[in-house]
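Chemist: Next comes the structure file my_file29.csv, holding CSV, C-alpha atoms.
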```csv
chain,number,residue,atom,x,y,z
A,1,MET,CA,-123.4,-129.4,147.5
A,2,LEU,CA,-125.1,-132.5,148.8
A,3,PRO,CA,-128.6,-131.5,147.7
A,4,GLY,CA,-131.6,-132.7,149.5
A,5,GLU,CA,-129.8,-133.4,152.7
A,6,ARG,CA,-131.8,-133.5,155.9
A,7,ILE,CA,-128.9,-134.2,158.2
A,8,LEU,CA,-129.9,-133.0,161.5
A,9,SER,CA,-133.6,-133.0,160.9
A,10,THR,CA,-134.3,-135.9,163.2
A,11,ALA,CA,-132.9,-133.9,166.0
A,12,ALA,CA,-135.9,-131.7,165.8
A,13,ILE,CA,-138.3,-132.5,168.6
A,14,ALA,CA,-141.2,-131.2,166.6
A,15,LEU,CA,-140.5,-133.4,163.6
A,16,PRO,CA,-143.6,-135.5,163.6
A,17,ILE,CA,-145.6,-132.3,163.7
A,18,LEU,CA,-143.6,-130.8,160.9
A,19,ALA,CA,-144.1,-133.9,158.8
A,20,GLU,CA,-147.9,-133.5,159.2
A,21,THR,CA,-148.0,-129.8,158.4
A,22,GLU,CA,-145.7,-130.3,155.4
A,23,ASP,CA,-148.5,-132.0,153.4
A,24,SER,CA,-151.1,-129.4,154.1
A,25,SER,CA,-149.2,-126.1,153.7
A,26,GLY,CA,-147.0,-127.2,150.9
A,27,SER,CA,-144.0,-125.0,151.6
A,28,GLY,CA,-142.3,-127.6,153.9
A,29,PHE,CA,-139.5,-127.2,156.5
A,30,HIS,CA,-136.0,-126.7,155.5
A,31,ALA,CA,-133.7,-128.6,157.7
A,32,PRO,CA,-130.2,-127.0,158.0
A,33,GLY,CA,-127.4,-128.9,156.4
A,34,ILE,CA,-123.8,-128.5,155.5
A,35,ASP,CA,-124.8,-125.8,152.9
A,36,GLU,CA,-125.1,-123.4,155.8
A,37,PHE,CA,-121.3,-123.2,155.9
A,38,PHE,CA,-120.8,-122.5,152.2
A,39,PRO,CA,-122.9,-119.4,151.5
A,40,PRO,CA,-122.6,-117.7,148.1
A,41,ALA,CA,-119.8,-115.3,147.6
A,42,ILE,CA,-120.5,-111.6,148.2
A,43,PHE,CA,-117.9,-110.5,145.8
A,44,GLY,CA,-115.0,-112.1,144.0
A,45,SER,CA,-115.3,-115.4,142.2
A,46,THR,CA,-118.6,-117.2,142.7
A,47,ASP,CA,-117.3,-120.7,141.8
A,48,LEU,CA,-118.0,-123.1,144.6
A,49,ASP,CA,-114.4,-124.4,144.9
A,50,SER,CA,-112.7,-121.1,144.1
A,51,TRP,CA,-110.2,-119.7,146.5
A,52,TRP,CA,-111.1,-116.1,145.8
A,53,GLY,CA,-114.7,-115.9,146.7
A,54,PHE,CA,-115.3,-113.5,149.6
A,55,ASP,CA,-118.4,-114.8,151.4
A,56,ARG,CA,-120.3,-114.3,154.7
A,57,ILE,CA,-117.9,-116.3,156.8
A,58,MET,CA,-114.9,-114.5,155.5
A,59,MET,CA,-116.7,-111.2,156.2
A,60,VAL,CA,-117.5,-112.3,159.8
A,61,ARG,CA,-113.8,-113.2,160.3
A,62,VAL,CA,-112.6,-109.8,159.0
A,63,ILE,CA,-115.2,-107.9,161.1
A,64,MET,CA,-114.4,-109.8,164.3
A,65,MET,CA,-110.6,-109.4,163.7
A,66,VAL,CA,-111.1,-105.6,163.3
A,67,VAL,CA,-113.3,-105.5,166.4
A,68,LEU,CA,-110.7,-107.5,168.4
A,69,LEU,CA,-107.8,-105.3,167.4
A,70,LEU,CA,-109.9,-102.1,168.0
A,71,LEU,CA,-110.9,-103.3,171.5
A,72,LEU,CA,-107.4,-104.3,172.4
A,73,TRP,CA,-106.1,-100.9,171.1
A,74,LEU,CA,-108.7,-99.0,173.0
A,75,GLY,CA,-108.1,-101.0,176.1
A,76,ILE,CA,-104.4,-100.5,176.3
A,77,ARG,CA,-103.9,-97.3,174.5
A,78,ARG,CA,-103.5,-95.4,177.8
A,79,ALA,CA,-102.4,-98.3,180.0
A,80,LYS,CA,-102.1,-97.2,183.6
A,81,LEU,CA,-100.7,-98.7,186.7
A,82,VAL,CA,-104.1,-98.6,188.2
A,83,PRO,CA,-106.2,-100.0,185.3
A,84,GLY,CA,-109.5,-98.6,184.2
A,85,ARG,CA,-112.5,-100.7,183.4
A,86,GLY,CA,-111.6,-101.6,179.8
A,87,GLN,CA,-108.0,-102.3,180.7
A,88,ASN,CA,-109.1,-104.4,183.6
A,89,ILE,CA,-111.1,-106.8,181.4
A,90,ILE,CA,-108.3,-107.2,178.9
A,91,GLU,CA,-105.8,-107.8,181.8
A,92,LEU,CA,-108.2,-110.4,183.2
A,93,GLY,CA,-108.0,-112.3,179.9
A,94,VAL,CA,-104.3,-112.0,179.5
A,95,GLU,CA,-103.7,-112.9,183.1
A,96,PHE,CA,-106.0,-115.9,182.8
A,97,VAL,CA,-104.0,-117.3,179.8
A,98,ARG,CA,-100.7,-116.6,181.6
A,99,VAL,CA,-101.5,-117.9,185.1
A,100,GLN,CA,-104.2,-120.5,184.6
A,101,ILE,CA,-103.0,-122.0,181.3
A,102,ALA,CA,-99.4,-121.3,180.4
A,103,GLU,CA,-97.7,-121.2,183.8
A,104,GLN,CA,-99.7,-124.1,185.2
A,105,VAL,CA,-98.7,-126.4,182.4
A,106,LEU,CA,-95.3,-125.1,181.3
A,107,GLY,CA,-94.0,-123.6,184.5
A,108,HIS,CA,-93.0,-120.0,185.1
A,109,GLU,CA,-89.8,-119.8,183.1
A,110,ARG,CA,-90.5,-122.0,180.2
A,111,ALA,CA,-93.9,-120.4,179.5
A,112,LYS,CA,-92.3,-117.0,178.9
A,113,PRO,CA,-91.3,-117.3,175.2
A,114,TYR,CA,-94.7,-118.8,174.2
A,115,LEU,CA,-97.0,-116.4,176.1
A,116,ALA,CA,-97.5,-114.2,173.1
A,117,MET,CA,-98.6,-117.1,170.9
A,118,LEU,CA,-100.9,-118.6,173.5
A,119,THR,CA,-102.5,-115.3,174.2
A,120,THR,CA,-103.0,-114.5,170.5
A,121,ILE,CA,-104.6,-117.9,170.0
A,122,PHE,CA,-106.9,-117.6,173.0
A,123,PHE,CA,-108.2,-114.2,172.0
A,124,THR,CA,-108.5,-115.1,168.3
A,125,VAL,CA,-110.5,-118.3,169.0
A,126,LEU,CA,-112.6,-116.6,171.6
A,127,THR,CA,-113.5,-113.6,169.4
A,128,MET,CA,-114.3,-115.8,166.4
A,129,ASN,CA,-116.4,-118.2,168.4
A,130,ILE,CA,-118.4,-115.4,170.0
A,131,ALA,CA,-119.4,-114.2,166.6
A,132,GLY,CA,-121.6,-117.3,166.4
A,133,VAL,CA,-124.1,-115.7,168.9
A,134,ILE,CA,-123.9,-112.1,167.9
A,135,PRO,CA,-127.0,-111.0,166.1
A,136,PHE,CA,-126.6,-110.3,162.4
A,137,LEU,CA,-123.2,-112.1,162.3
A,138,ASN,CA,-124.7,-115.3,163.5
A,139,ILE,CA,-121.9,-117.6,162.4
A,140,SER,CA,-118.6,-118.4,164.0
A,141,GLY,CA,-115.4,-117.6,162.1
A,142,ASN,CA,-114.3,-121.1,163.1
A,143,ALA,CA,-117.3,-122.8,161.6
A,144,ARG,CA,-115.3,-123.6,158.5
A,145,VAL,CA,-112.0,-125.4,158.4
A,146,GLY,CA,-109.7,-122.5,157.3
A,147,LEU,CA,-109.1,-120.7,160.5
A,148,PRO,CA,-108.9,-123.6,162.9
A,149,LEU,CA,-106.5,-125.3,160.5
A,150,VAL,CA,-104.2,-122.3,160.4
A,151,LEU,CA,-104.1,-122.1,164.2
A,152,ALA,CA,-103.5,-125.8,164.6
A,153,VAL,CA,-100.7,-125.8,162.0
A,154,TRP,CA,-99.2,-122.8,163.8
A,155,VAL,CA,-99.2,-124.8,167.0
A,156,LEU,CA,-97.7,-127.8,165.2
A,157,VAL,CA,-94.8,-125.8,163.7
A,158,VAL,CA,-94.1,-124.0,167.0
A,159,TYR,CA,-93.9,-127.2,169.1
A,160,LEU,CA,-91.8,-129.0,166.5
A,161,ALA,CA,-89.5,-126.0,166.4
A,162,ALA,CA,-89.4,-125.8,170.2
A,163,GLY,CA,-88.5,-129.5,170.5
A,164,VAL,CA,-85.8,-129.3,167.8
A,165,ARG,CA,-84.3,-126.2,169.3
A,166,LYS,CA,-84.1,-127.6,172.7
A,167,HIS,CA,-83.0,-131.2,172.0
A,168,GLY,CA,-81.7,-131.2,168.4
A,169,VAL,CA,-83.4,-133.1,165.6
A,170,GLY,CA,-82.1,-136.5,166.4
A,171,LYS,CA,-82.6,-136.4,170.1
A,172,TYR,CA,-86.1,-134.9,169.8
A,173,LEU,CA,-87.3,-137.5,167.4
A,174,LYS,CA,-85.8,-140.2,169.5
A,175,ALA,CA,-87.5,-139.0,172.6
A,176,GLN,CA,-90.9,-138.6,170.8
A,177,LEU,CA,-90.9,-141.7,168.7
A,178,PHE,CA,-89.0,-144.2,170.9
A,179,PRO,CA,-90.2,-143.7,174.4
A,180,PRO,CA,-87.7,-145.4,176.8
A,181,GLY,CA,-88.5,-148.2,179.1
A,182,ILE,CA,-90.3,-150.7,176.9
A,183,PRO,CA,-89.0,-153.9,175.3
A,184,TRP,CA,-87.7,-153.3,171.8
A,185,PRO,CA,-90.3,-155.3,169.8
A,186,ALA,CA,-93.0,-153.0,171.1
A,187,TYR,CA,-91.4,-150.2,169.0
A,188,LEU,CA,-92.8,-151.8,165.9
A,189,LEU,CA,-96.2,-150.8,167.2
A,190,ILE,CA,-95.4,-147.7,169.3
A,191,THR,CA,-93.3,-145.8,166.8
A,192,PRO,CA,-95.8,-145.5,164.0
A,193,ILE,CA,-98.5,-144.6,166.5
A,194,GLU,CA,-96.3,-141.9,168.1
A,195,ALA,CA,-95.3,-140.6,164.7
A,196,LEU,CA,-98.9,-140.3,163.7
A,197,GLN,CA,-99.7,-138.6,167.0
A,198,VAL,CA,-97.0,-136.0,166.8
A,199,PHE,CA,-97.2,-135.1,163.1
A,200,VAL,CA,-100.9,-135.7,162.2
A,201,LEU,CA,-103.3,-136.4,165.0
A,202,ARG,CA,-102.5,-133.5,167.3
A,203,PRO,CA,-103.1,-130.8,164.8
A,204,ALA,CA,-105.9,-132.7,163.2
A,205,THR,CA,-107.8,-133.1,166.5
A,206,LEU,CA,-107.2,-129.5,167.4
A,207,THR,CA,-108.8,-128.5,164.1
A,208,ILE,CA,-111.7,-130.9,164.3
A,209,ARG,CA,-112.5,-130.2,167.9
A,210,LEU,CA,-112.9,-126.5,167.3
A,211,LEU,CA,-114.5,-126.8,163.9
A,212,ALA,CA,-117.0,-129.4,164.8
A,213,ASN,CA,-118.0,-127.6,168.0
A,214,MET,CA,-118.8,-124.4,166.1
A,215,MET,CA,-120.5,-126.3,163.3
A,216,ALA,CA,-122.7,-128.2,165.7
A,217,GLY,CA,-123.6,-125.1,167.7
A,218,HIS,CA,-124.5,-123.2,164.6
A,219,LEU,CA,-126.7,-126.1,163.2
A,220,MET,CA,-128.5,-126.4,166.5
A,221,LEU,CA,-129.2,-122.6,166.5
A,222,VAL,CA,-130.4,-122.7,163.0
A,223,LEU,CA,-132.6,-125.7,163.7
A,224,CYS,CA,-134.2,-124.1,166.7
A,225,PHE,CA,-134.9,-120.8,165.2
A,226,SER,CA,-136.0,-122.0,161.8
A,227,ALA,CA,-138.3,-124.5,163.6
A,228,THR,CA,-139.7,-121.6,165.6
A,229,ASN,CA,-140.3,-119.6,162.5
A,230,PHE,CA,-141.9,-122.5,160.7
A,231,LEU,CA,-144.1,-123.6,163.5
A,232,LEU,CA,-145.4,-120.1,164.3
A,233,LEU,CA,-146.1,-119.1,160.7
A,234,GLU,CA,-147.3,-122.3,159.2
A,235,GLY,CA,-148.4,-124.5,162.1
A,236,GLY,CA,-152.1,-124.7,162.5
A,237,GLY,CA,-154.1,-124.2,165.8
A,238,LEU,CA,-152.4,-125.6,168.8
A,239,VAL,CA,-149.2,-126.4,166.9
A,240,LYS,CA,-148.4,-122.7,167.0
A,241,LEU,CA,-147.9,-123.1,170.8
A,242,THR,CA,-145.0,-125.5,170.3
A,243,SER,CA,-143.0,-122.7,168.7
A,244,ALA,CA,-142.6,-121.3,172.2
A,245,LEU,CA,-140.9,-124.5,173.1
A,246,SER,CA,-138.4,-124.4,170.2
A,247,PHE,CA,-137.8,-120.7,170.8
A,248,ALA,CA,-137.0,-121.4,174.5
A,249,GLY,CA,-134.7,-124.1,173.2
A,250,GLY,CA,-133.0,-121.6,170.9
A,251,ILE,CA,-132.4,-119.2,173.8
A,252,PHE,CA,-131.0,-121.9,175.9
A,253,ILE,CA,-128.6,-123.0,173.1
A,254,THR,CA,-127.6,-119.4,172.5
A,255,LEU,CA,-126.5,-119.2,176.2
A,256,PHE,CA,-124.9,-122.6,175.9
A,257,GLU,CA,-122.9,-121.4,172.9
A,258,VAL,CA,-121.4,-118.5,174.8
A,259,PHE,CA,-120.2,-121.1,177.3
A,260,VAL,CA,-118.9,-123.3,174.5
A,261,ALA,CA,-117.1,-120.4,172.9
A,262,LEU,CA,-115.2,-119.7,176.2
A,263,LEU,CA,-114.6,-123.4,176.8
A,264,GLN,CA,-113.2,-124.0,173.3
A,265,ALA,CA,-110.9,-121.1,173.5
A,266,TYR,CA,-109.6,-122.4,176.9
A,267,ILE,CA,-109.2,-126.0,175.6
A,268,PHE,CA,-107.4,-125.0,172.4
A,269,THR,CA,-104.9,-122.9,174.3
A,270,LEU,CA,-104.6,-125.5,177.1
A,271,LEU,CA,-103.8,-128.3,174.6
A,272,ALA,CA,-101.4,-126.1,172.7
A,273,SER,CA,-99.4,-125.5,175.8
A,274,ILE,CA,-99.6,-129.2,176.7
A,275,TYR,CA,-98.2,-130.1,173.3
A,276,LEU,CA,-95.5,-127.5,173.8
A,277,ASN,CA,-94.8,-129.1,177.2
A,278,PHE,CA,-94.4,-132.6,175.6
A,279,ALA,CA,-91.8,-131.1,173.2
A,280,LEU,CA,-89.9,-129.3,175.9
A,281,GLU,CA,-89.8,-132.1,178.4
A,282,GLU,CA,-86.5,-133.4,179.7
A,283,GLU,CA,-85.7,-136.9,178.8
A,284,HIS,CA,-86.3,-139.4,181.5
B,1,MET,CA,-146.5,-142.5,154.0
B,2,GLU,CA,-144.4,-145.6,153.5
B,3,GLY,CA,-142.1,-146.6,156.3
B,4,ILE,CA,-139.5,-144.1,157.4
B,5,THR,CA,-137.6,-141.8,155.1
B,6,GLY,CA,-134.4,-140.0,156.0
B,7,ASN,CA,-130.8,-140.6,156.3
B,8,ILE,CA,-129.1,-143.4,158.2
B,9,ALA,CA,-126.2,-141.1,159.0
B,10,THR,CA,-128.3,-139.5,161.7
B,11,VAL,CA,-128.5,-142.9,163.4
B,12,GLY,CA,-124.7,-143.2,163.0
B,13,TYR,CA,-124.2,-139.9,164.9
B,14,GLY,CA,-126.4,-141.2,167.7
B,15,LEU,CA,-124.2,-144.3,167.9
B,16,ALA,CA,-121.1,-142.2,167.9
B,17,THR,CA,-122.2,-140.3,171.0
B,18,ILE,CA,-122.5,-143.4,173.2
B,19,GLY,CA,-118.8,-144.1,173.7
B,20,PRO,CA,-117.8,-140.5,174.4
B,21,GLY,CA,-120.8,-140.1,176.6
B,22,ILE,CA,-119.7,-143.0,178.8
B,23,GLY,CA,-116.1,-141.7,178.7
B,24,LEU,CA,-117.1,-138.2,179.7
B,25,GLY,CA,-119.2,-139.6,182.5
B,26,ILE,CA,-116.3,-141.6,183.9
B,27,VAL,CA,-113.9,-138.7,183.6
B,28,ILE,CA,-116.1,-136.1,185.2
B,29,GLY,CA,-117.5,-138.4,187.8
B,30,GLN,CA,-114.1,-139.5,188.9
B,31,THR,CA,-112.9,-135.9,189.1
B,32,GLN,CA,-115.9,-135.1,191.3
B,33,ILE,CA,-114.9,-138.0,193.6
B,34,ALA,CA,-111.3,-137.0,193.7
B,35,THR,CA,-112.2,-133.3,194.3
B,36,ALA,CA,-114.4,-134.4,197.2
B,37,ARG,CA,-111.6,-136.3,198.7
B,38,GLN,CA,-108.9,-133.7,198.2
B,39,PRO,CA,-110.4,-130.3,197.7
B,40,GLU,CA,-107.0,-128.7,197.9
B,41,VAL,CA,-105.9,-130.0,194.5
B,42,ALA,CA,-109.2,-129.1,192.8
B,43,GLY,CA,-107.6,-126.7,190.3
B,44,ARG,CA,-105.0,-129.2,189.1
B,45,LEU,CA,-107.7,-131.9,188.9
B,46,PHE,CA,-110.0,-129.6,186.9
B,47,THR,CA,-107.2,-128.9,184.3
B,48,ASN,CA,-106.6,-132.6,183.9
B,49,MET,CA,-110.3,-133.3,183.6
B,50,MET,CA,-110.5,-130.7,180.8
B,51,ILE,CA,-107.6,-132.3,179.0
B,52,GLY,CA,-109.2,-135.7,179.2
B,53,ALA,CA,-112.6,-134.4,178.3
B,54,ALA,CA,-111.2,-132.7,175.2
B,55,LEU,CA,-109.6,-135.8,174.0
B,56,ILE,CA,-112.8,-137.8,174.5
B,57,GLU,CA,-115.0,-135.2,173.0
B,58,VAL,CA,-113.1,-135.4,169.7
B,59,LEU,CA,-114.6,-138.9,169.2
B,60,GLY,CA,-118.1,-137.7,169.4
B,61,LEU,CA,-117.3,-134.8,167.1
B,62,LEU,CA,-115.7,-137.1,164.6
B,63,GLY,CA,-119.1,-138.8,164.4
B,64,LEU,CA,-120.8,-135.5,163.7
B,65,VAL,CA,-118.3,-134.6,161.0
B,66,ALA,CA,-118.5,-138.0,159.4
B,67,GLY,CA,-122.3,-137.8,159.4
B,68,LEU,CA,-122.1,-134.5,157.5
B,69,MET,CA,-119.4,-135.6,155.1
B,70,PHE,CA,-120.1,-139.2,154.1
B,71,THR,CA,-123.7,-139.0,153.2
```
Would you write out, as structure tokens, the structure that this file holds?
Modeler:
Amino acid sequence: MLPGERILSTAAIALPILAETEDSSGSGFHAPGIDEFFPPAIFGSTDLDSWWGFDRIMMVRVIMMVVLLLLLWLGIRRAKLVPGRGQNIIELGVEFVRVQIAEQVLGHERAKPYLAMLTTIFFTVLTMNIAGVIPFLNISGNARVGLPLVLAVWVLVVYLAAGVRKHGVGKYLKAQLFPPGIPWPAYLLITPIEALQVFVLRPATLTIRLLANMMAGHLMLVLCFSATNFLLLEGGGLVKLTSALSFAGGIFITLFEVFVALLQAYIFTLLASIYLNFALEEEH
Amino acid sequence: MEGITGNIATVGYGLATIGPGIGLGIVIGQTQIATARQPEVAGRLFTNMMIGAALIEVLGLLGLVAGLMFT
């Protein structure tokens, strides 16, 4: 796929140095590209566009899902009124989703039916994202379009269903596509835009936001650490010292990725509940 | 070495970050001002800031995805 790409190569601070050493050492620097996200299949079909190849990213997803389920099971297996340490951490997460996200946006009563979905989404996104900085897994389960897309389509279906169940098909579509209080010729513009918003753009942006954040983070990590490796092993003389710089950059980005993992889980859940709120709103 | 070799898509991503950068600056800066004036609604303001920031951020990320895809 897209051979010879050097997509993020100019982002490397040390690129001028790399270009110089490339000629002398001969092995060259491999800039990370989109190939990172399509590793060869471990088993199953090895065709590039096959649906049945089980590769590294799929493996990471399965592992993280098992870990999440195991942790949740261990944490609440013997749930007590006075929680222990494990139960405490899980309750912290569940409470955060309920109080800070769902109830703040949807209100106490309306949030109740959707708490399970929002909590599931929050924990899934968080666990998959965190895999991006765990040694030996090193890639987020959300770094390829499948998982974010499934979650976003889930949100889409749920908020459409919520709106239809509350207002009925006709009333819901009318409220969403024909917002009241504007002169009628404006509907020629507003209605297509709103339709695109409700049916396409909301799930699409949910998907792309999560996907691209995880992709960008992974590419930055690969760039930093492969540059460190290259500079240290193949740089000559003082150039070796610059590897310390790119290594420090890699550490910084690792920490930043932990923050981004949390932030993206928060934003995904927050936007899901906001879209639900749009669907459930009373007409004004 | 003749001129510069590489891909113009990298420049495109740089351009794509300008708009969202300005947008995020405005959103976060105004939230800071509002929080300083009314610290008691800081929580609500932060939530709204995150929503706005998330919407703006997509634009920059579209630049990244486009840079990776259309080259």
Chemist: Measuring between only C-alpha atoms, which one of A:Thr46, A:Gln100, A:Gln197, A:Thr191 shows the shortest distance to chain B?
Modeler: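 Smallest separation from chain B among the options: A:Gln100.
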Chemist: So, counting all atoms listed in the file, which residue among B:Leu24, B:Ala9, B:Leu15, B:Ala42 is closest to chain A?
Modeler: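 Counting all atoms listed in the file, the residue closest to chain A is B:Ala9.
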Chemist: What is the distance, in Å and to one decimal place, between atom CA of B:Ile22 and atom CA of B:Gly52?
Modeler: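 Between atom CA of B:Ile22 and atom CA of B:Gly52 the gap works out to 12.8 Å.
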Chemist: Could you tell me how far atom CA of A:Tyr275 lies from atom CA of B:Phe46, in Å and to one decimal?
Modeler: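 Those two atoms sit 18.0 Å apart.
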Chemist: Report, in Å to a single decimal, how far apart atom CA of B:Met49 and atom CA of B:Gly29 are.
Modeler: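 Answer for the atom CA of B:Gly29 to atom CA of B:Met49 separation: 9.8 Å.
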Chemist: List as a list in words the protein and nucleic acid residues near stretch 66-81 of chain A, meaning an atom at most 7 Å away when all atoms listed in the file are counted, but skip any in the same chain fewer than 5 places from it.
Modeler: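 Once the adjacent positions are removed, what remains is Gly86, Gln87, Ile90 and Thr127 of chain A.
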Chemist: Determine which residues of chain B sit within 9 Å of chain A, taking into account only C-alpha atoms, and present them as a ChimeraX atom specification.
Modeler: /B:6-7,9-10,44,47,50-51,54-55,57-58,61-62,64-65,67-69,71
Chemist: Using only C-alpha atoms and a cutoff of 12 Å, can you tell me which residues are near (-122.1, -119.0, 175.0) in the file's coordinates, and write them out as a PyMOL selection string?
Modeler: chain A and resi 126-127+129-134+140+213-214+217-218+221+250-265
Chemist: Quick one: of A:Trp52, A:Leu280, A:Leu149, A:Ser273, who's nearest to A:Val200, counting all atoms listed in the file?
Modeler: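 Under the stated criterion, the closest residue is A:Leu149.
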Chemist: For A:Arg202, which residue out of A:Val158, A:Ala152, A:Leu219, A:Glu282 is the nearest one, using only C-alpha atoms?
Modeler: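 With only C-alpha atoms as the atom set, the closest residue is A:Ala152.
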Chemist: So which one's closest to A:Val157, A:Phe278, A:Phe136, A:Phe230, A:Phe199? Using all atoms listed in the file, please.
Modeler: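 Of all the options, A:Phe199 lies closest to A:Val157.
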Chemist: Hey, which of B:Gln32, B:Gly25, B:Gly63, B:Glu2 ends up closest to B:Leu45? Count only C-alpha atoms.
Modeler: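 Using only C-alpha atoms, B:Leu45 sits closest to B:Gln32.
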Chemist: Just give me the residues with any atom within 8 Å of (-89.5, -142.8, 163.9), file coordinates, counting all atoms listed in the file, written as a list in words.
Modeler: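 With a cut-off of 8 Å, the residues come to Leu173, Lys174, Leu177, Phe178, Thr191, Pro192 and Ala195 of chain A.
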